[in-house]
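Have a look at the structure below before the remarks.
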Amino acid sequence: MQYMLLIYGSGDSWETLTPEQQQEIGAAYFAFTEELQSAGKMVAGDALQPITTATSVRVRDGETLTTDGPFAETKEVLGGYYLIDVDTIDEALDWAAKIPGAKHGTIEVRPVVTDYETVS
Amino acid sequence: MQDAFVRAAERWPRDGVPDNPGAWIVATARNRAIDRIRRERTLVRKTELLARAAELPEDEEATIPDERLELIFACCHPALAPEAQVALTLSLVGGLTTPEIARAFLVPEPTLAQRLVRAKRKIRDAGIPLRVPAEHLMPDRLRLVLATIYLVFNAGYGPPVRRELCGEAIRLAAVLASLMPDEPEAHGLHALLLLQDARRDARVSPAGELVLLADQDRNLWDASGIEQGRRALERGLALRIPGPYQLQAAIASLHYEEPADWAQIALLYGRLAELTPTPVIELNRAVAVAMADGPEPGLEIVDGLTGLERYHLWHSTRADLLHRLGRDGEAAAAYSRALELAPSETERTFLQSRLSTVGS
């Protein structure tokens, strides 16, 4: 089964870190990604640019509204994701707990729909 | 094939049209088919298992022990909300009907039915496995299973008492202990429930009033329940790894002795507080200390506790100890506060009668 591991954290923390701390976190993510890849479980994974770069788009009555900023103001913002392929949620939760961001933020684990006829 | 088109429509705007769309669609369709076959296989297996577990007559339960255990762990998976864990366990492992569970937890039937449907859907769609958890997950997961069964028991222990729930919890604990004979806490929980339940007829009067342990009619204690509980406890203790349920069971067992060894009970509460440091356990230890060494050292512990200001038993325990020290004015004030916070009519009636003995 495929699971999306969505990494949420406080959006402003990255810029407040020292270069050494940034490097440390970068290295931790690099190591995690390597472990996930060599276990053959990784489908995809990316980091997102900070929330300040977000743009929201809505179409209402045929009109496209484009606004600066995220869709909703929340304390925790989406900072990146991993898409993994594992057998059960237990395995997915184990990987989620190993993501460096789990120590500060929250990892939301979402199963990916693989059969569109049984979507609940 | 239609699936593949859906997928192509999703991906191409993002990834761009592949060099050979025809081949891509065929490849995707094949992957999807494999996915679906895999999925359906496990789904069929799970559905069969769930159906079979639900239809089992009681005396055949023992014939498929491993699958029942898998089912218990699936029902108590941490990815499910605690109230869903309880409802699922009662429904799929206990075999209770939806109206029965709804009645027991005073939840409207449609609410409970929906809770069950959602939980089963999550088991299916989130990939919650029907298996005994891996070893590194076992301690946490077993704790959840034990807590769920204990929750069922407590919901029935009342007041008001709902005996069918207590009976069901004991049955679940017995199944768990027989399936995991090497887990001391599974025996500990089984023992604790049996020992607490053995007082069921003595702890509430015919008028529905709560009767204190010291005032209970010993003839109403269930001797064979106590005996069974003690045997279950011995099975746990023989494994030589103490845990909170075994300690509580040992305390419950000591309460049945005449005269009760309060020093020993206080000691066990102290040990329990080391394992699970909570003010409620300290409160119980204070009661035992008061019985063993007098009200003064007991009251000292009670007054040192914080975080129980809204817990009626903290106030009533204080009141009781103050009364024994002859400080009836303070005792009356504490009983009044307990009365305001008491959650049930039975307890209010009890506290009211205590209040009148200290003269308000």
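Labeling convention for the structure tokens: chains A, B, ... as they appear, residues from 1 per chain, ligands from 1 in order of appearance.
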Please identify all residues of chain A having at least one atom at most 7 Å from any atom of chain B, considering only C-alpha atoms, and return them as number ranges by chain. A: 88-89, 111, 115
What would the file look like if the residues just selected were written as a CSV table (one decimal), in the first residue's frame with C-alpha atoms?
```csv
chain,number,residue,atom,x,y,z
A,88,THR,CA,0.7,-2.1,6.5
A,89,ILE,CA,0.0,1.1,8.5
A,111,PRO,CA,-3.2,6.1,2.8
A,115,ASP,CA,-8.8,1.5,-6.0
```
Select from range 8-115 of chain A everything DSSP, run on the backbone, classes as helix (DSSP H, G or I), then give the selection as a VMD selection string. chain A and resid 13 to 16 19 to 38 51 to 53 89 to 98 100 to 103
Neighbour list for Pro184 in chain B as a PyMOL selection string, cut-off 8 Å, only C-alpha atoms, skip fewer than 6 positions in-chain: chain B and resi 235-237+239-243+246
Go ahead and save the picked residues with N, CA and C atoms, as a compact mmCIF listing (two decimals), in the first residue's frame.
```txt
# COMPACT_ATOMS: atom_id res chain seq x y z
N ARG B 235 -0.79 -17.01 38.43
CA ARG B 235 -0.22 -17.29 37.10
C ARG B 235 0.62 -16.12 36.61
N GLY B 236 0.14 -14.89 36.88
CA GLY B 236 0.90 -13.70 36.47
C GLY B 236 2.16 -13.54 37.29
N LEU B 237 2.03 -13.65 38.61
CA LEU B 237 3.18 -13.44 39.49
C LEU B 237 4.29 -14.46 39.25
N LEU B 239 5.42 -15.39 36.59
CA LEU B 239 6.27 -14.97 35.48
C LEU B 239 7.30 -13.91 35.92
N ARG B 240 7.14 -13.44 37.15
CA ARG B 240 8.16 -12.62 37.80
C ARG B 240 8.48 -11.29 37.12
N ILE B 241 7.50 -10.68 36.47
CA ILE B 241 7.67 -9.30 35.99
C ILE B 241 6.45 -8.51 36.47
N PRO B 242 6.62 -7.78 37.58
CA PRO B 242 5.45 -7.07 38.12
C PRO B 242 4.98 -5.96 37.18
N GLY B 243 3.71 -5.65 37.27
CA GLY B 243 3.14 -4.57 36.45
C GLY B 243 1.94 -3.99 37.17
N GLN B 246 -1.12 -6.38 37.87
CA GLN B 246 -0.85 -7.39 38.90
C GLN B 246 -0.85 -6.76 40.29
```
Between A:Gly26, A:Gly9, A:Gly62, A:Gly105, single out the one closest to Pro50 in chain A, counting only C-alpha atoms. A:Gly9
Excluding Glu109 in chain B and residues on its chain fewer than 6 positions from it, collect all residues at most 9 Å away from it, counting only C-alpha atoms, and give them as a list in words.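 Final neighbour list, sorted by chain and number: Thr98, Pro99, Glu100, Ile101, Ala102 and Arg103 of chain B.
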Any chance you can output those residues with C-alpha atoms as a PDB file, in the first residue's frame?
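Everything below was put into result.pdb:
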```pdb
ATOM      1  CA  THR B  98     -24.930  -2.522  18.038  1.00  0.00           C
ATOM      2  CA  PRO B  99     -28.027  -1.779  20.179  1.00  0.00           C
ATOM      3  CA  GLU B 100     -26.426  -3.590  23.130  1.00  0.00           C
ATOM      4  CA  ILE B 101     -23.222  -1.532  22.923  1.00  0.00           C
ATOM      5  CA  ALA B 102     -25.149   1.699  22.375  1.00  0.00           C
ATOM      6  CA  ARG B 103     -27.262   1.006  25.475  1.00  0.00           C
TER       7      ARG B 103
END
```
Neighbour list for Trp95 in chain A as number ranges by chain, cut-off 10 Å, only C-alpha atoms, skip fewer than 2 positions in-chain: A: 5, 32, 35-36, 41, 82, 84, 86, 89-93, 97-99, 109
Can you pull out the residues contacting Ile7 in chain A? Cut-off 12 Å, using only C-alpha atoms, and skip same-chain residues under 3 positions away; I want them as number ranges by chain. A: 4, 10-11, 29, 45-48, 76-83, 96-110
Save the residues we just selected, N, CA and C atoms, as a PDB file, in the first residue's frame?
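For reference, part.pdb as written:
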```
ATOM      1  N   MET A   4       1.095   8.510   2.074  1.00  0.00           N
ATOM      2  CA  MET A   4       1.691   9.830   1.982  1.00  0.00           C
ATOM      3  C   MET A   4       2.025  10.278   3.390  1.00  0.00           C
ATOM      4  N   SER A  10       6.350  24.223  12.297  1.00  0.00           N
ATOM      5  CA  SER A  10       6.123  25.662  12.360  1.00  0.00           C
ATOM      6  C   SER A  10       6.881  26.291  11.200  1.00  0.00           C
ATOM      7  N   GLY A  11       6.204  27.082  10.414  1.00  0.00           N
ATOM      8  CA  GLY A  11       6.740  27.560   9.141  1.00  0.00           C
ATOM      9  C   GLY A  11       7.922  28.494   9.262  1.00  0.00           C
ATOM     10  N   TYR A  29      17.790  14.603   7.229  1.00  0.00           N
ATOM     11  CA  TYR A  29      16.853  14.253   6.158  1.00  0.00           C
ATOM     12  C   TYR A  29      17.543  13.420   5.080  1.00  0.00           C
ATOM     13  N   GLY A  45       9.535  11.963  -2.735  1.00  0.00           N
ATOM     14  CA  GLY A  45       9.683  12.787  -1.546  1.00  0.00           C
ATOM     15  C   GLY A  45      10.286  14.119  -1.924  1.00  0.00           C
ATOM     16  N   ASP A  46       9.781  15.182  -1.339  1.00  0.00           N
ATOM     17  CA  ASP A  46      10.288  16.515  -1.650  1.00  0.00           C
ATOM     18  C   ASP A  46      10.102  17.424  -0.460  1.00  0.00           C
ATOM     19  N   ALA A  47      10.943  18.464  -0.426  1.00  0.00           N
ATOM     20  CA  ALA A  47      10.727  19.557   0.515  1.00  0.00           C
ATOM     21  C   ALA A  47      10.047  20.686  -0.248  1.00  0.00           C
ATOM     22  N   LEU A  48       9.223  21.466   0.442  1.00  0.00           N
ATOM     23  CA  LEU A  48       8.551  22.592  -0.208  1.00  0.00           C
ATOM     24  C   LEU A  48       9.235  23.898   0.193  1.00  0.00           C
ATOM     25  N   GLU A  76       0.694  25.084  12.125  1.00  0.00           N
ATOM     26  CA  GLU A  76       1.586  24.114  11.503  1.00  0.00           C
ATOM     27  C   GLU A  76       1.383  24.140   9.996  1.00  0.00           C
ATOM     28  N   VAL A  77       2.461  24.261   9.263  1.00  0.00           N
ATOM     29  CA  VAL A  77       2.348  24.318   7.807  1.00  0.00           C
ATOM     30  C   VAL A  77       3.041  23.122   7.174  1.00  0.00           C
ATOM     31  N   LEU A  78       2.545  22.769   5.991  1.00  0.00           N
ATOM     32  CA  LEU A  78       3.110  21.647   5.249  1.00  0.00           C
ATOM     33  C   LEU A  78       4.486  22.054   4.717  1.00  0.00           C
ATOM     34  N   GLY A  79       5.491  21.286   5.079  1.00  0.00           N
ATOM     35  CA  GLY A  79       6.841  21.644   4.666  1.00  0.00           C
ATOM     36  C   GLY A  79       7.453  20.678   3.679  1.00  0.00           C
ATOM     37  N   GLY A  80       6.852  19.498   3.551  1.00  0.00           N
ATOM     38  CA  GLY A  80       7.397  18.509   2.632  1.00  0.00           C
ATOM     39  C   GLY A  80       6.641  17.207   2.770  1.00  0.00           C
ATOM     40  N   TYR A  81       7.048  16.208   2.005  1.00  0.00           N
ATOM     41  CA  TYR A  81       6.324  14.937   2.058  1.00  0.00           C
ATOM     42  C   TYR A  81       7.228  13.783   1.607  1.00  0.00           C
ATOM     43  N   TYR A  82       6.837  12.607   1.997  1.00  0.00           N
ATOM     44  CA  TYR A  82       7.385  11.388   1.411  1.00  0.00           C
ATOM     45  C   TYR A  82       6.207  10.531   0.967  1.00  0.00           C
ATOM     46  N   LEU A  83       6.334   9.917  -0.185  1.00  0.00           N
ATOM     47  CA  LEU A  83       5.346   8.934  -0.627  1.00  0.00           C
ATOM     48  C   LEU A  83       6.052   7.581  -0.534  1.00  0.00           C
ATOM     49  N   ALA A  96       7.245   7.040   9.587  1.00  0.00           N
ATOM     50  CA  ALA A  96       6.853   8.412   9.926  1.00  0.00           C
ATOM     51  C   ALA A  96       7.591   8.886  11.184  1.00  0.00           C
ATOM     52  N   ALA A  97       7.728   7.987  12.149  1.00  0.00           N
ATOM     53  CA  ALA A  97       8.381   8.351  13.409  1.00  0.00           C
ATOM     54  C   ALA A  97       9.868   8.620  13.212  1.00  0.00           C
ATOM     55  N   LYS A  98      10.424   8.084  12.119  1.00  0.00           N
ATOM     56  CA  LYS A  98      11.860   8.290  11.859  1.00  0.00           C
ATOM     57  C   LYS A  98      12.145   9.591  11.107  1.00  0.00           C
ATOM     58  N   ILE A  99      11.123  10.234  10.575  1.00  0.00           N
ATOM     59  CA  ILE A  99      11.347  11.493   9.850  1.00  0.00           C
ATOM     60  C   ILE A  99      11.843  12.536  10.851  1.00  0.00           C
ATOM     61  N   PRO A 100      12.959  13.228  10.532  1.00  0.00           N
ATOM     62  CA  PRO A 100      13.509  14.188  11.509  1.00  0.00           C
ATOM     63  C   PRO A 100      12.475  15.188  12.017  1.00  0.00           C
ATOM     64  N   GLY A 101      11.569  15.642  11.156  1.00  0.00           N
ATOM     65  CA  GLY A 101      10.566  16.641  11.557  1.00  0.00           C
ATOM     66  C   GLY A 101       9.577  16.143  12.595  1.00  0.00           C
ATOM     67  N   ALA A 102       9.481  14.814  12.789  1.00  0.00           N
ATOM     68  CA  ALA A 102       8.534  14.269  13.773  1.00  0.00           C
ATOM     69  C   ALA A 102       8.898  14.708  15.185  1.00  0.00           C
ATOM     70  N   LYS A 103      10.196  15.046  15.400  1.00  0.00           N
ATOM     71  CA  LYS A 103      10.644  15.450  16.741  1.00  0.00           C
ATOM     72  C   LYS A 103      10.108  16.823  17.134  1.00  0.00           C
ATOM     73  N   HIS A 104       9.793  17.672  16.149  1.00  0.00           N
ATOM     74  CA  HIS A 104       9.319  19.027  16.467  1.00  0.00           C
ATOM     75  C   HIS A 104       7.879  19.244  16.010  1.00  0.00           C
ATOM     76  N   GLY A 105       7.581  18.750  14.814  1.00  0.00           N
ATOM     77  CA  GLY A 105       6.256  18.972  14.246  1.00  0.00           C
ATOM     78  C   GLY A 105       5.421  17.706  14.287  1.00  0.00           C
ATOM     79  N   THR A 106       4.568  17.545  13.278  1.00  0.00           N
ATOM     80  CA  THR A 106       3.661  16.404  13.212  1.00  0.00           C
ATOM     81  C   THR A 106       3.744  15.786  11.823  1.00  0.00           C
ATOM     82  N   ILE A 107       3.762  14.464  11.775  1.00  0.00           N
ATOM     83  CA  ILE A 107       3.697  13.792  10.481  1.00  0.00           C
ATOM     84  C   ILE A 107       2.283  13.232  10.322  1.00  0.00           C
ATOM     85  N   GLU A 108       1.582  13.677   9.315  1.00  0.00           N
ATOM     86  CA  GLU A 108       0.255  13.123   9.051  1.00  0.00           C
ATOM     87  C   GLU A 108       0.415  11.977   8.059  1.00  0.00           C
ATOM     88  N   VAL A 109      -0.118  10.820   8.424  1.00  0.00           N
ATOM     89  CA  VAL A 109       0.020   9.624   7.586  1.00  0.00           C
ATOM     90  C   VAL A 109      -1.301   9.370   6.882  1.00  0.00           C
ATOM     91  N   ARG A 110      -1.308   9.425   5.560  1.00  0.00           N
ATOM     92  CA  ARG A 110      -2.546   9.255   4.808  1.00  0.00           C
ATOM     93  C   ARG A 110      -2.385   8.152   3.781  1.00  0.00           C
TER      94      ARG A 110
END
```
Show me, as a PyMOL selection string, the residues that have an atom within 9 Å of Asp328 in chain B when counting only C-alpha atoms, minus same-chain residues fewer than 4 positions from it. chain B and resi 319+322-324+332-333+358-360
With C-alpha atoms retained, could you export that selection as a tab-separated table (two decimals), in the first residue's frame?
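As a result, result26.tsv now contains:
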```tsv
chain	number	residue	atom	x	y	z
B	319	ALA	CA	-13.42	14.69	54.95
B	322	LEU	CA	-10.65	15.05	59.22
B	323	HIS	CA	-13.68	13.45	60.85
B	324	ARG	CA	-11.50	10.72	62.36
B	332	ALA	CA	-18.42	18.92	56.84
B	333	ALA	CA	-17.01	21.54	54.45
B	358	VAL	CA	-20.57	14.86	61.00
B	359	GLY	CA	-23.44	17.30	61.54
B	360	SER	CA	-23.63	20.11	59.03
```
Could you jot down the CA of Gln216 in chain B to CA of Arg199 in chain B separation for me, Å, one decimal place? 8.6 Å
Shortest interatomic distance to Ala44 in chain A - which of A:Glu15, A:Glu73, A:Asp85, A:Glu24, counting only C-alpha atoms: A:Asp85
Report the distance between CA of Arg141 in chain B and CA of Gln196 in chain B in Å, rounded to one decimal place.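 Taking CA of Arg141 in chain B and CA of Gln196 in chain B, their separation equals 24.3 Å.
When CA of Gly158 in chain B is paired with CA of Ile265 in chain B, their separation reads 23.6 Å.
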Apply DSSP to the structure's backbone, then extract all residues of chain A labelled strand (DSSP E or B) and return them as an NGL selection string. :A and (2-10 or 42-47 or 55-60 or 63-68 or 76-85 or 106-111)
